[in-house]
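Contents: one structure, followed by commentary.
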Amino acid sequence: MKTEHTPRTEAAEGTGPGRPDAPDAHDPRTDPESAESGRGRRLDLIAAAAGILLVTAAILVGHAIQNRNGTLRAQWPPLLASWDPHLGPGTPAALAMAVLVVAYGPPLAARLPWRGLLAAAWAGSTAWVFSMALIDGWYRGVERRLTTKHEYLRVIDRFDDIPATLRDFTNHIVIGEPGNWPAHVAGHPPGATLTFVWLDRIGLGGGAWAAVWCVVVGSSAVLAALITVRVLAGEHLARRAAPFLVLAPAAVWAGVSADGYFAAVAAWSVALLALAATRRVRFPAAAAVGGGLVFGWTCYLSYGLGLMAAVLLVVLVLARTARPVVPFLLGALVVPAAFTLAGFNWWTAYHLLVERYYQGAGGIRPYAYWVWANLACAVLASGLAAVAGVRRSASYAFGAVRELRTGAGGVRRTGNGAPHAPAQRLALLVLAALVALLAADLSGMSKAETERIWQPFLLWLLPAAALLPARTARYWLVASVVPALLINHLLWTGW
């Protein structure tokens with residue numbers, strides 16, 4: 001699959017479009033450092049301080065509520081965690097990864113050939129997530145994580161006859177029904193559990209293989225995000241985003257949980273649609289069908305991931321084309337059709353899940369606290385660099401919308417027909433993910449545990465850090481990675 005127009009020598013030598021020394025790299029609308037000077041940096045710090053205040057308030061108020069009546073159902077709010085200072089075999093590796101990426105990540109991201117950057121980013125993300133998981137040790141941090149009483153691997157033997165189990169799946173969602181599913185199986189469409197059933201069928205059964213699958217596949221989300229940012233907002237911003245994607249604070253919960261895997265699947269649906277919409281592949285229609293197929297699978301991994309449609313829609317808006325819509329929709333119908341024909345009704349299952357949710361902790365946890373404390377969890381899982389980047393994205397929003405509305409006028413345009421304002425296009429992509437996250441928050445179906453559940457949305461906030469001045473990148477990396485290391489060493493998160 002062809003993913004770039006420029007020859008490899010251009011990318012390697014630093015003269016291709018979107019490279020730091022390319023002609024458009026210092027365009028005021030392209031280089032955020034030129035767009036905002038001292039005032040912008042002060043506002044970045046204010047945004048980060050607001051994030052810290054939000055987290056502090058969520059901790060103080062949360063502990064007061066939990067100590068008074070226990071209704072938060074979280075021992076160390078706003079995180080689902082308990083106090084447990086510890087070191088582990090992953091500690092040296094995690095510290096080494098953090099130091100190496102902070103010290104060498106930004107210059108390497110600027111100089112590596114594009115394909116080399118993708119390989120390094122995937123390897124780096126995988127190493128970072130594994131090292132964070134191993135802080136809790138191999139057994140507790142990796143092998144056992146997906147085998148506990150709430151997890152998917154506890155029901156593998158009930159899928160011996162997959163068609164029969166799918167037909168009967170909805171009969172075991174609600175608490176009180178005979179043989180009701182564990183919390184995570186009941187809380188997701190059967191595609192999530194089937195992933196681990198199929199791994200078991202090919203001889204990769206057990207918690208260790210399931211964990212490896214979730215980490216390795218989940219870490220590929222970094223590739224999907226980089227490819228998407230490159231084709232929609234330029235290679236310059238994609239390269240600047242790479243270190244922040246590799247050292248994502250969400251690694252605390254991605255290692256090991258199935259939500260990291262879900263995030264990657266959702267991300268590839270976005271990347272494939274972006275490639276198809278911008279015609280940056282040899283067969284755009286095939287990429288669109290593939291993106292739709294992957295999005296259909298996404299919706300059968302987690303009920304809430306239909307909200308990723310907001311990001312997909314913005315991809316089409318930025319590319320200023322509806323050409324991929326039909327093949328994408330055709331691909332997106334394949335998985336729902338297959339599950340429906342097999343006897344599983346998504347809508348019936350979702351309504352039963354809502355009933356199950358309110359039978360458990362969801363019916364006890366107070367919405368008035370979690371509707372804002374969830375955002376504190378998002379700050380911790382995305383990092384302060386993402387918070388400052390989202391602030392910059394918001395500042396670009398008005399201009400981005402104006403350019404899209406007046407794009408037929410005097411705006412210089414790229415070859416794919418999109419307005420030539422890379423920072424603004426990246427801002428719209430980030431804000432689309434933020435809208436999806438806020439919709440999930442307001443729904444009331446995400447009370448707590450959002451540091452894990454929202455990983456598919458949080459992934460798309462991380463590239464916003466590319467909008468921060470390049471000279472401050474290392475400081476922002478430190479500001480994001482240090483809290484993640486502290487959380488993983490001071491708390492037992494259960495994920």
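Lettering and numbering for the structure tokens are positional, with chains as A, B, ... in the shown order, residues counted from 1 in each chain, and ligands counted from 1 in the shown order.
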
- Message: Can you pull out the residues contacting Ala251 (chain A)? Cut-off 9 Å, using only C-alpha atoms, and skip same-chain residues under 6 positions away; I want them as a ChimeraX atom specification.
- Response: /A:125,128-130,132-133,260,381,484

- Query: Residues at most 12 Å from Trp454 (chain A), counting only C-alpha atoms, excluding those fewer than 2 positions away in the same chain, as a PyMOL selection string?
  - Reply: chain A and resi 250+253-254+257-260+262-263+266+302+304-305+307-308+374-375+377-382+433-434+436-441+445-452+456-461

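Take the candidates A:Ala81, A:Leu272, A:Leu341, A:Ala58 and check each one against Pro284 (chain A) using only C-alpha atoms; the shortest distance goes to A:Leu272.
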
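Relative to CA of Ser269 (chain A), CA of Ala288 (chain A) is found at 8.7 Å.
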
- Task: Quick one: pick out all helix (DSSP H, G or I) residues within region 282-452 of chain A from a backbone DSSP run and write them as a VMD selection string.
- Result: chain A and resid 284 to 299 303 to 319 325 to 332 334 to 342 346 to 359 361 to 363 367 to 382 384 to 405 422 to 442 450 to 452

- Task: Give me the residues within 10 Å of Ala286 (chain A) as a list in words, counting only C-alpha atoms and dropping any in the same chain fewer than 6 places off.
- Result: Leu272, Leu273, Ala276, Gly292, Pro324, Pro327, Phe328 and Gly331 of chain A
